[in-house]
There are 2 protein chains.
Amino acid sequence: MKDFFNVVTIEQALAFRSVFSEMEIETVPLMDAYERVLAEPVTATENLPDFRRSTMDGFAVRATSTFGATESNPAFLTVKGTSLMGESSDFSIGTGEACRISTGGMLPDGADSVVMIEHTEAMDSTTIEVYRSAAPGQHVIEPGEDFLKDEILLAEGRWLRAQEIGLLAAFGRDTLKVYRKPVVAIISTGDEVVPVTETPTPGKIRDINSYTLTSMVKACGAVPVSYGIVRDNSESLYQSLSLALKTSDVVLVSGGSSVGARDVTIVSALPQPRILFHGISISPGKPTILAMSQNKALWGLPGHVVSAMIVFLKIVKPFIEHISGVKGLMSQTIRVPACLSRNLSSAQGRVDYVRVKLKTVDGKLVADPILGKSGLINTMVKADGLIEIGLNVEGLDQGEPVEVELLN
Amino acid sequence: MKDFFNVVTIEQALAFRSVFSEMEIETVPLMDAYERVLAEPVTATENLPDFRRSTMDGFAVRATSTFGATESNPAFLTVKGTSLMGESSDFSIGTGEACRISTGGMLPDGADSVVMIEHTEAMDSTTIEVYRSAAPGQHVIEPGEDFLKDEILLAEGRWLRAQEIGLLAAFGRDTLKVYRKPVVAIISTGDEVVPVTETPTPGKIRDINSYTLTSMVKACGAVPVSYGIVRDNSESLYQSLSLALKTSDVVLVSGGSSVGARDVTIVSALPQPRILFHGISISPGKPTILAMSQNKALWGLPGHVVSAMIVFLKIVKPFIEHISGVKGLMSQTIRVPACLSRNLSSAQGRVDYVRVKLKTVDGKLVADPILGKSGLINTMVKADGLIEIGLNVEGLDQGEPVEVELLN
């Protein structure tokens, strides 16, 4: 049985991503582009802002007109008018002159700074006293200060958060090229698994994996399609896999005998079959299989809920990100440094993923391992993150620095 | 002008949440409950698992039958049959007996542990040799080991991640009570603001806030409705606010003169008006207004994109979480400890929020401030998080420990 496995390291498992291509490119309205993946580089078509903008309510001036101004020795300026919001002024500002301006207003020609209204007093309808010396550029955003024309704004493959969407709005990108979201089929197998709506008879349990995997696929920005529970026999599995491969980009099968010789037989019967690996040297999660048929990935995941979740997070998620076109990390994967609260042992020759709870002790983050079998979902409900114990590490000591990958 | 403001601290601003009620409760299928807020406590209706389950492929035995077994002195056991997946066995296991069992299978009565198949050898069709001593409970999940009957699984107000959805599946909760998602109207104002599809003439800029705020509302799990740009005059604003209040649960207005005396006049003309505060002692974001009409919240946010985003993150997001029914923190708000890369000054009497980039130096997280005016969106695009400089703090020193709230 053991000989049958083609066991790979996690790095080798991740490297198989490159066998699979990215999704096609589609065009979407900017309003729908939040949490999508940009499929084109975006360059600044103009300066942002494109004009000299006030950041305060007050008066636009030449700074030199105010040099040396104090409470006891104010500068007297002539008010030439008002800069109307959203309009350019038909006058310019010379030495000794000023114009009323609001936050966001455009400075008239000749003006290089803004004096806050609090530092002025109106003498009459056309004269103000200024009590403070203004520096050139004060309370002003210069043309191109946010972004310069031709600057690269966002690279292809960028995961779009609120601020990137705002940036694209600023440059008038009302439509965008993004990668199509992959459709991910989810199949649960196992003769002991019953639908959530059923009361399990002795020896049976409800289908948890369809629900956790559906949620995790959503968290990756992909589109889950649940195929429910498929009976654990070759004919049923073959039928479901064939259908899922026709209608989806990726198929996830969890549980049952998904690492047995039989599955290889099933995969071999599919069009253009190839087994990429069969077993990963990680714990939990060793009995994982990656196969392909007609260039689509077919993942066999362990049946234990925690094993399936960890394999998803560590290997399937990076895979889905890859075919989604993400370059670099999605912002959701966050790692924080912490110290370990107790000794942890580990077998050499595999990478261990340990669930931890984070607490702050004396201002420092401490990672407290949650021990429990990989069939127990309570360990994931209580966990804040995962730590990794490397392939050739026998264990970690109490107080040792670790990096915690946060679960969201 | 200054006298007009009823400026509050951020704590006071947050405390006004309690004036507003939670959304109504609705029932949804479990498959749609990911990232919803639970509106009922959930208790374990049974033990999970409800039977003694194997975590390995091997033989179910009484541990005592194997005591002292070694390679050179194996225990001989009689195989009584096979525990079929998802079924209880019609035989029991006594001393000196064993039965074949797969991962996830139910142990027959009398068996208390599982011997891995690797530690056995078949002598004939009904006899095996066992080479290792099993401990009672070995490779077994006991009834109730994941959760005990009557244990509280999830409290009301819990934000549901993949693992909570899985937990609810395990207990057969195919439908759930959750809070309705609040509908949030988003209005941009300002005569200098033009739609994203237009090329701005000098003095005008494109509408960024409709896009950033729409995205941030989505990130809170609420439903954004963009009303686009409303002209900055009393009549237009009154009309739009009236409509938005009728069709939404919350209204966000950004930009324009949204902190002027005129807005108070507009709010006063709405049904059952009340101004809760007018200005917050934070930077950026001071010119923020919270009003209510017919028990619905109406937020006036600053026009500067970064100010509006920070006010949203620090005050509007906790408000939306409150009316969404979230108790405690949503998992998305993550704070990590870091050290400051340089000195930062701050004015006393206000809380400053500084955008920072995180880097790892010698295994420690360092927060590097991104300086720049609150009208510059590039500062948010580059930022990984925000740090806070307290109300009565003059500044922070290089190397000082800070807590970084991550932006996602």
# chains A, B, ... in the order shown; residues from 1 in each chain; ligands from 1
>>> interface_residues(of="chain A", to="chain B", cutoff="7 Å", atoms="only C-alpha atoms", output="JSON, numbers by chain")
{"A": [31, 34, 51, 85, 86, 87, 88, 105, 106, 146, 161, 162, 163, 164, 165, 166, 167, 169, 170, 172, 174, 191, 192, 196, 197, 202, 203, 204, 206, 207, 208, 209, 211, 212, 215, 216, 331, 332, 336, 376, 377, 378, 380, 381, 408]}
>>> write_last_selection(atoms="N, CA and C atoms", output="CSV table (one decimal), in the first residue's frame")
chain,number,residue,atom,x,y,z
A,31,MET,N,-17.5,49.1,-10.4
A,31,MET,CA,-18.3,48.9,-9.2
A,31,MET,C,-18.4,47.4,-8.7
A,34,TYR,N,-14.5,44.9,-6.9
A,34,TYR,CA,-13.9,44.7,-5.5
A,34,TYR,C,-13.6,43.2,-5.3
A,51,PHE,N,-4.5,69.6,-11.0
A,51,PHE,CA,-4.4,71.0,-10.7
A,51,PHE,C,-4.0,71.2,-9.3
A,85,MET,N,-15.9,76.2,-6.3
A,85,MET,CA,-15.6,74.7,-6.3
A,85,MET,C,-15.9,74.1,-7.7
A,86,GLY,N,-14.8,73.4,-8.1
A,86,GLY,CA,-15.0,72.7,-9.4
A,86,GLY,C,-14.8,73.6,-10.6
A,87,GLU,N,-14.3,74.8,-10.4
A,87,GLU,CA,-14.1,75.7,-11.5
A,87,GLU,C,-12.7,76.4,-11.4
A,88,SER,N,-12.2,76.7,-12.6
A,88,SER,CA,-10.9,77.5,-12.6
A,88,SER,C,-11.3,79.0,-12.5
A,105,GLY,N,-10.8,73.1,-3.5
A,105,GLY,CA,-10.9,74.1,-4.5
A,105,GLY,C,-9.5,74.2,-5.3
A,106,MET,N,-9.6,74.8,-6.5
A,106,MET,CA,-8.4,75.0,-7.4
A,106,MET,C,-7.8,76.3,-7.2
A,146,ASP,N,-0.2,63.1,-5.9
A,146,ASP,CA,-0.7,61.8,-5.5
A,146,ASP,C,-0.1,60.7,-6.5
A,161,ARG,N,-8.5,45.7,-3.4
A,161,ARG,CA,-9.1,46.1,-2.2
A,161,ARG,C,-9.9,47.5,-2.4
A,162,ALA,N,-10.5,48.0,-1.4
A,162,ALA,CA,-11.2,49.3,-1.5
A,162,ALA,C,-10.3,50.4,-2.0
A,163,GLN,N,-9.1,50.4,-1.5
A,163,GLN,CA,-8.2,51.6,-1.9
A,163,GLN,C,-7.8,51.5,-3.4
A,164,GLU,N,-7.6,50.3,-3.9
A,164,GLU,CA,-7.3,50.1,-5.3
A,164,GLU,C,-8.5,50.5,-6.2
A,165,ILE,N,-9.7,50.1,-5.7
A,165,ILE,CA,-10.9,50.4,-6.5
A,165,ILE,C,-11.0,52.0,-6.6
A,166,GLY,N,-10.7,52.6,-5.4
A,166,GLY,CA,-10.8,54.1,-5.4
A,166,GLY,C,-9.7,54.7,-6.4
A,167,LEU,N,-8.6,54.1,-6.4
A,167,LEU,CA,-7.5,54.6,-7.3
A,167,LEU,C,-7.9,54.5,-8.7
A,169,ALA,N,-10.9,54.5,-9.8
A,169,ALA,CA,-12.0,55.5,-10.0
A,169,ALA,C,-11.4,56.8,-10.3
A,170,ALA,N,-10.3,57.2,-9.6
A,170,ALA,CA,-9.7,58.5,-9.7
A,170,ALA,C,-9.2,58.6,-11.2
A,172,GLY,N,-10.6,57.2,-13.8
A,172,GLY,CA,-11.7,57.1,-14.8
A,172,GLY,C,-11.8,55.7,-15.4
A,174,ASP,N,-13.8,53.1,-15.6
A,174,ASP,CA,-15.1,52.6,-15.2
A,174,ASP,C,-15.4,51.1,-15.6
A,191,ASP,N,-19.4,6.3,2.7
A,191,ASP,CA,-20.7,5.7,3.0
A,191,ASP,C,-21.2,6.0,4.4
A,192,GLU,N,-20.3,6.6,5.2
A,192,GLU,CA,-20.7,7.0,6.6
A,192,GLU,C,-21.3,8.4,6.6
A,196,VAL,N,-26.9,17.0,5.8
A,196,VAL,CA,-27.1,17.7,7.0
A,196,VAL,C,-28.5,17.7,7.5
A,197,THR,N,-29.5,17.5,6.6
A,197,THR,CA,-30.9,17.4,6.9
A,197,THR,C,-31.3,16.1,7.6
A,202,PRO,N,-26.6,5.1,14.0
A,202,PRO,CA,-25.2,4.8,14.6
A,202,PRO,C,-24.2,4.5,13.5
A,203,GLY,N,-23.0,5.1,13.7
A,203,GLY,CA,-21.9,4.9,12.7
A,203,GLY,C,-21.9,5.9,11.6
A,204,LYS,N,-22.9,6.8,11.5
A,204,LYS,CA,-22.9,7.8,10.4
A,204,LYS,C,-22.7,9.2,11.0
A,206,ARG,N,-22.8,13.6,9.8
A,206,ARG,CA,-23.3,14.5,8.8
A,206,ARG,C,-22.1,15.1,8.0
A,207,ASP,N,-22.5,15.5,6.8
A,207,ASP,CA,-21.6,16.0,5.8
A,207,ASP,C,-21.1,17.4,6.2
A,208,ILE,N,-19.9,17.5,6.8
A,208,ILE,CA,-19.3,18.8,7.2
A,208,ILE,C,-18.5,19.4,6.1
A,209,ASN,N,-17.8,18.6,5.4
A,209,ASN,CA,-16.8,19.1,4.4
A,209,ASN,C,-17.5,19.9,3.3
A,211,TYR,N,-19.7,21.9,3.5
A,211,TYR,CA,-20.0,23.3,4.0
A,211,TYR,C,-18.7,24.1,4.3
A,212,THR,N,-17.7,23.4,4.9
A,212,THR,CA,-16.5,24.2,5.2
A,212,THR,C,-15.8,24.5,3.8
A,215,SER,N,-17.5,27.3,2.0
A,215,SER,CA,-17.1,28.6,2.6
A,215,SER,C,-15.7,29.1,2.2
A,216,MET,N,-14.8,28.1,2.3
A,216,MET,CA,-13.4,28.5,2.0
A,216,MET,C,-13.2,28.8,0.5
A,331,SER,N,-4.2,39.8,0.0
A,331,SER,CA,-4.0,40.4,1.3
A,331,SER,C,-4.5,39.6,2.5
A,332,GLN,N,-5.4,38.7,2.2
A,332,GLN,CA,-5.9,37.9,3.4
A,332,GLN,C,-5.0,37.0,4.1
A,336,VAL,N,1.9,36.7,11.5
A,336,VAL,CA,2.4,37.5,12.6
A,336,VAL,C,3.4,36.7,13.4
A,376,LEU,N,-11.5,16.5,14.8
A,376,LEU,CA,-12.3,17.4,15.8
A,376,LEU,C,-12.4,18.8,15.3
A,377,ILE,N,-13.5,19.2,14.9
A,377,ILE,CA,-13.7,20.6,14.3
A,377,ILE,C,-13.5,21.6,15.4
A,378,ASN,N,-13.8,21.3,16.7
A,378,ASN,CA,-13.6,22.3,17.8
A,378,ASN,C,-12.2,22.9,17.8
A,380,MET,N,-10.5,23.8,15.2
A,380,MET,CA,-10.5,24.9,14.2
A,380,MET,C,-11.4,26.1,14.7
A,381,VAL,N,-12.4,25.8,15.4
A,381,VAL,CA,-13.3,26.8,15.9
A,381,VAL,C,-12.6,27.7,16.9
A,408,ASN,N,-8.9,33.3,8.8
A,408,ASN,CA,-10.0,34.3,8.9
A,408,ASN,C,-11.3,33.7,8.5
>>> select_by_dssp(residues="region 263-369 of chain A", states="alpha helix (DSSP H)", output="PyMOL selection string")
chain A and resi 263-269+305-311+317-323
>>> residues_around(residues="Ala44 (chain B)", least_positions_apart="6", cutoff="6 Å", atoms="only C-alpha atoms", output="PDB file with N, CA and C atoms, in the first residue's frame")
ATOM      1  N   LYS B 149     -23.005  16.872  24.407  1.00  0.00           N
ATOM      2  CA  LYS B 149     -24.416  17.270  24.387  1.00  0.00           C
ATOM      3  C   LYS B 149     -24.642  18.402  25.404  1.00  0.00           C
ATOM      4  N   ASP B 150     -25.424  19.380  24.999  1.00  0.00           N
ATOM      5  CA  ASP B 150     -25.804  20.543  25.828  1.00  0.00           C
ATOM      6  C   ASP B 150     -24.695  21.597  25.963  1.00  0.00           C
ATOM      7  N   GLU B 151     -23.528  21.333  25.416  1.00  0.00           N
ATOM      8  CA  GLU B 151     -22.463  22.336  25.413  1.00  0.00           C
ATOM      9  C   GLU B 151     -22.895  23.505  24.518  1.00  0.00           C
TER      10      GLU B 151
END
>>> residues_around(residues="Val264 (chain B)", least_positions_apart="6", cutoff="10 Å", atoms="only C-alpha atoms", output="list in words")
Ser258, Pro273, Arg274, Ile275, His278, Ile289 and Ala291 of chain B
>>> residues_around(residues="Ala69 (chain A)", least_positions_apart="2", cutoff="10 Å", atoms="only C-alpha atoms", output="PDB file with N, CA and C atoms, in the first residue's frame")
ATOM      1  N   SER A  65       3.742  87.023  -0.021  1.00  0.00           N
ATOM      2  CA  SER A  65       2.931  88.151   0.460  1.00  0.00           C
ATOM      3  C   SER A  65       2.721  88.104   1.966  1.00  0.00           C
ATOM      4  N   THR A  66       2.971  86.943   2.582  1.00  0.00           N
ATOM      5  CA  THR A  66       2.686  86.792   4.015  1.00  0.00           C
ATOM      6  C   THR A  66       3.946  86.681   4.849  1.00  0.00           C
ATOM      7  N   PHE A  67       5.109  86.677   4.213  1.00  0.00           N
ATOM      8  CA  PHE A  67       6.352  86.460   4.945  1.00  0.00           C
ATOM      9  C   PHE A  67       6.483  87.481   6.074  1.00  0.00           C
ATOM     10  N   GLU A  71       0.672  88.137  14.678  1.00  0.00           N
ATOM     11  CA  GLU A  71      -0.543  88.731  15.275  1.00  0.00           C
ATOM     12  C   GLU A  71      -0.387  90.256  15.394  1.00  0.00           C
ATOM     13  N   SER A  72       0.809  90.674  15.838  1.00  0.00           N
ATOM     14  CA  SER A  72       1.008  92.115  16.068  1.00  0.00           C
ATOM     15  C   SER A  72       1.395  92.851  14.792  1.00  0.00           C
ATOM     16  N   ASN A  73       1.848  92.095  13.800  1.00  0.00           N
ATOM     17  CA  ASN A  73       2.285  92.744  12.556  1.00  0.00           C
ATOM     18  C   ASN A  73       1.708  92.003  11.353  1.00  0.00           C
ATOM     19  N   PRO A  74       0.353  92.051  11.193  1.00  0.00           N
ATOM     20  CA  PRO A  74      -0.279  91.257  10.138  1.00  0.00           C
ATOM     21  C   PRO A  74       0.044  91.758   8.750  1.00  0.00           C
ATOM     22  N   ALA A  75      -0.124  90.846   7.777  1.00  0.00           N
ATOM     23  CA  ALA A  75      -0.034  91.250   6.366  1.00  0.00           C
ATOM     24  C   ALA A  75      -1.442  91.638   5.911  1.00  0.00           C
ATOM     25  N   PHE A  76      -1.547  92.704   5.148  1.00  0.00           N
ATOM     26  CA  PHE A  76      -2.839  93.139   4.602  1.00  0.00           C
ATOM     27  C   PHE A  76      -2.917  92.710   3.151  1.00  0.00           C
ATOM     28  N   GLU A 129      -6.666  90.700   7.021  1.00  0.00           N
ATOM     29  CA  GLU A 129      -5.405  90.668   7.741  1.00  0.00           C
ATOM     30  C   GLU A 129      -4.987  89.200   7.865  1.00  0.00           C
ATOM     31  N   VAL A 130      -3.709  88.915   7.651  1.00  0.00           N
ATOM     32  CA  VAL A 130      -3.180  87.550   7.804  1.00  0.00           C
ATOM     33  C   VAL A 130      -2.177  87.574   8.947  1.00  0.00           C
ATOM     34  N   TYR A 131      -2.357  86.629   9.912  1.00  0.00           N
ATOM     35  CA  TYR A 131      -1.564  86.658  11.134  1.00  0.00           C
ATOM     36  C   TYR A 131      -0.397  85.693  11.159  1.00  0.00           C
ATOM     37  N   ARG A 132      -0.288  84.889  10.106  1.00  0.00           N
ATOM     38  CA  ARG A 132       0.825  83.922  10.114  1.00  0.00           C
ATOM     39  C   ARG A 132       1.486  83.888   8.749  1.00  0.00           C
ATOM     40  N   SER A 133       2.741  83.627   8.778  1.00  0.00           N
ATOM     41  CA  SER A 133       3.528  83.500   7.565  1.00  0.00           C
ATOM     42  C   SER A 133       3.230  82.142   6.916  1.00  0.00           C
ATOM     43  N   ALA A 134       2.918  82.148   5.630  1.00  0.00           N
ATOM     44  CA  ALA A 134       2.664  80.885   4.925  1.00  0.00           C
ATOM     45  C   ALA A 134       3.925  80.424   4.211  1.00  0.00           C
TER      46      ALA A 134
END
>>> residues_around(residues="Ser242 (chain A)", least_positions_apart="6", cutoff="12 Å", atoms="only C-alpha atoms", output="PyMOL selection string")
chain A and resi 185+187+234-236+248+250-251+266-271+273+292-294+296+298
>>> write_last_selection(atoms="C-alpha atoms", output="PDB file, in the first residue's frame")
ATOM      1  CA  ALA A 185     -16.998  21.754  -7.738  1.00  0.00           C
ATOM      2  CA  ILE A 187     -17.980  16.524  -3.788  1.00  0.00           C
ATOM      3  CA  SER A 234     -16.393   3.562  -8.612  1.00  0.00           C
ATOM      4  CA  GLU A 235     -19.432   4.012 -10.825  1.00  0.00           C
ATOM      5  CA  SER A 236     -21.014   6.843  -8.773  1.00  0.00           C
ATOM      6  CA  SER A 248     -16.271  23.418 -13.406  1.00  0.00           C
ATOM      7  CA  VAL A 250     -11.511  22.593 -10.452  1.00  0.00           C
ATOM      8  CA  VAL A 251     -12.958  19.593  -8.633  1.00  0.00           C
ATOM      9  CA  ILE A 266     -11.243   6.168 -11.760  1.00  0.00           C
ATOM     10  CA  VAL A 267      -8.961   9.012 -12.779  1.00  0.00           C
ATOM     11  CA  SER A 268      -7.334   6.828 -15.425  1.00  0.00           C
ATOM     12  CA  ALA A 269     -10.745   6.304 -17.014  1.00  0.00           C
ATOM     13  CA  LEU A 270     -11.299  10.088 -17.410  1.00  0.00           C
ATOM     14  CA  PRO A 271     -10.218  11.905 -20.601  1.00  0.00           C
ATOM     15  CA  PRO A 273      -5.734  11.600 -17.264  1.00  0.00           C
ATOM     16  CA  MET A 292      -5.676  16.321 -13.911  1.00  0.00           C
ATOM     17  CA  SER A 293      -7.996  15.531 -16.772  1.00  0.00           C
ATOM     18  CA  GLN A 294      -8.197  17.733 -19.873  1.00  0.00           C
ATOM     19  CA  LYS A 296      -8.439  20.672 -15.182  1.00  0.00           C
ATOM     20  CA  LEU A 298      -8.918  17.258  -9.561  1.00  0.00           C
TER      21      LEU A 298
END
>>> residues_around(residues="Arg62 (chain B)", least_positions_apart="3", cutoff="12 Å", atoms="only C-alpha atoms", output="MDAnalysis selection string")
chainID B and resid 59 65:67 75 77:78 92:99 107:115 133:138 140
>>> atom_distance(atom1="CA of Gly81 (chain A)", atom2="CA of Ile101 (chain A)")
9.1 Å
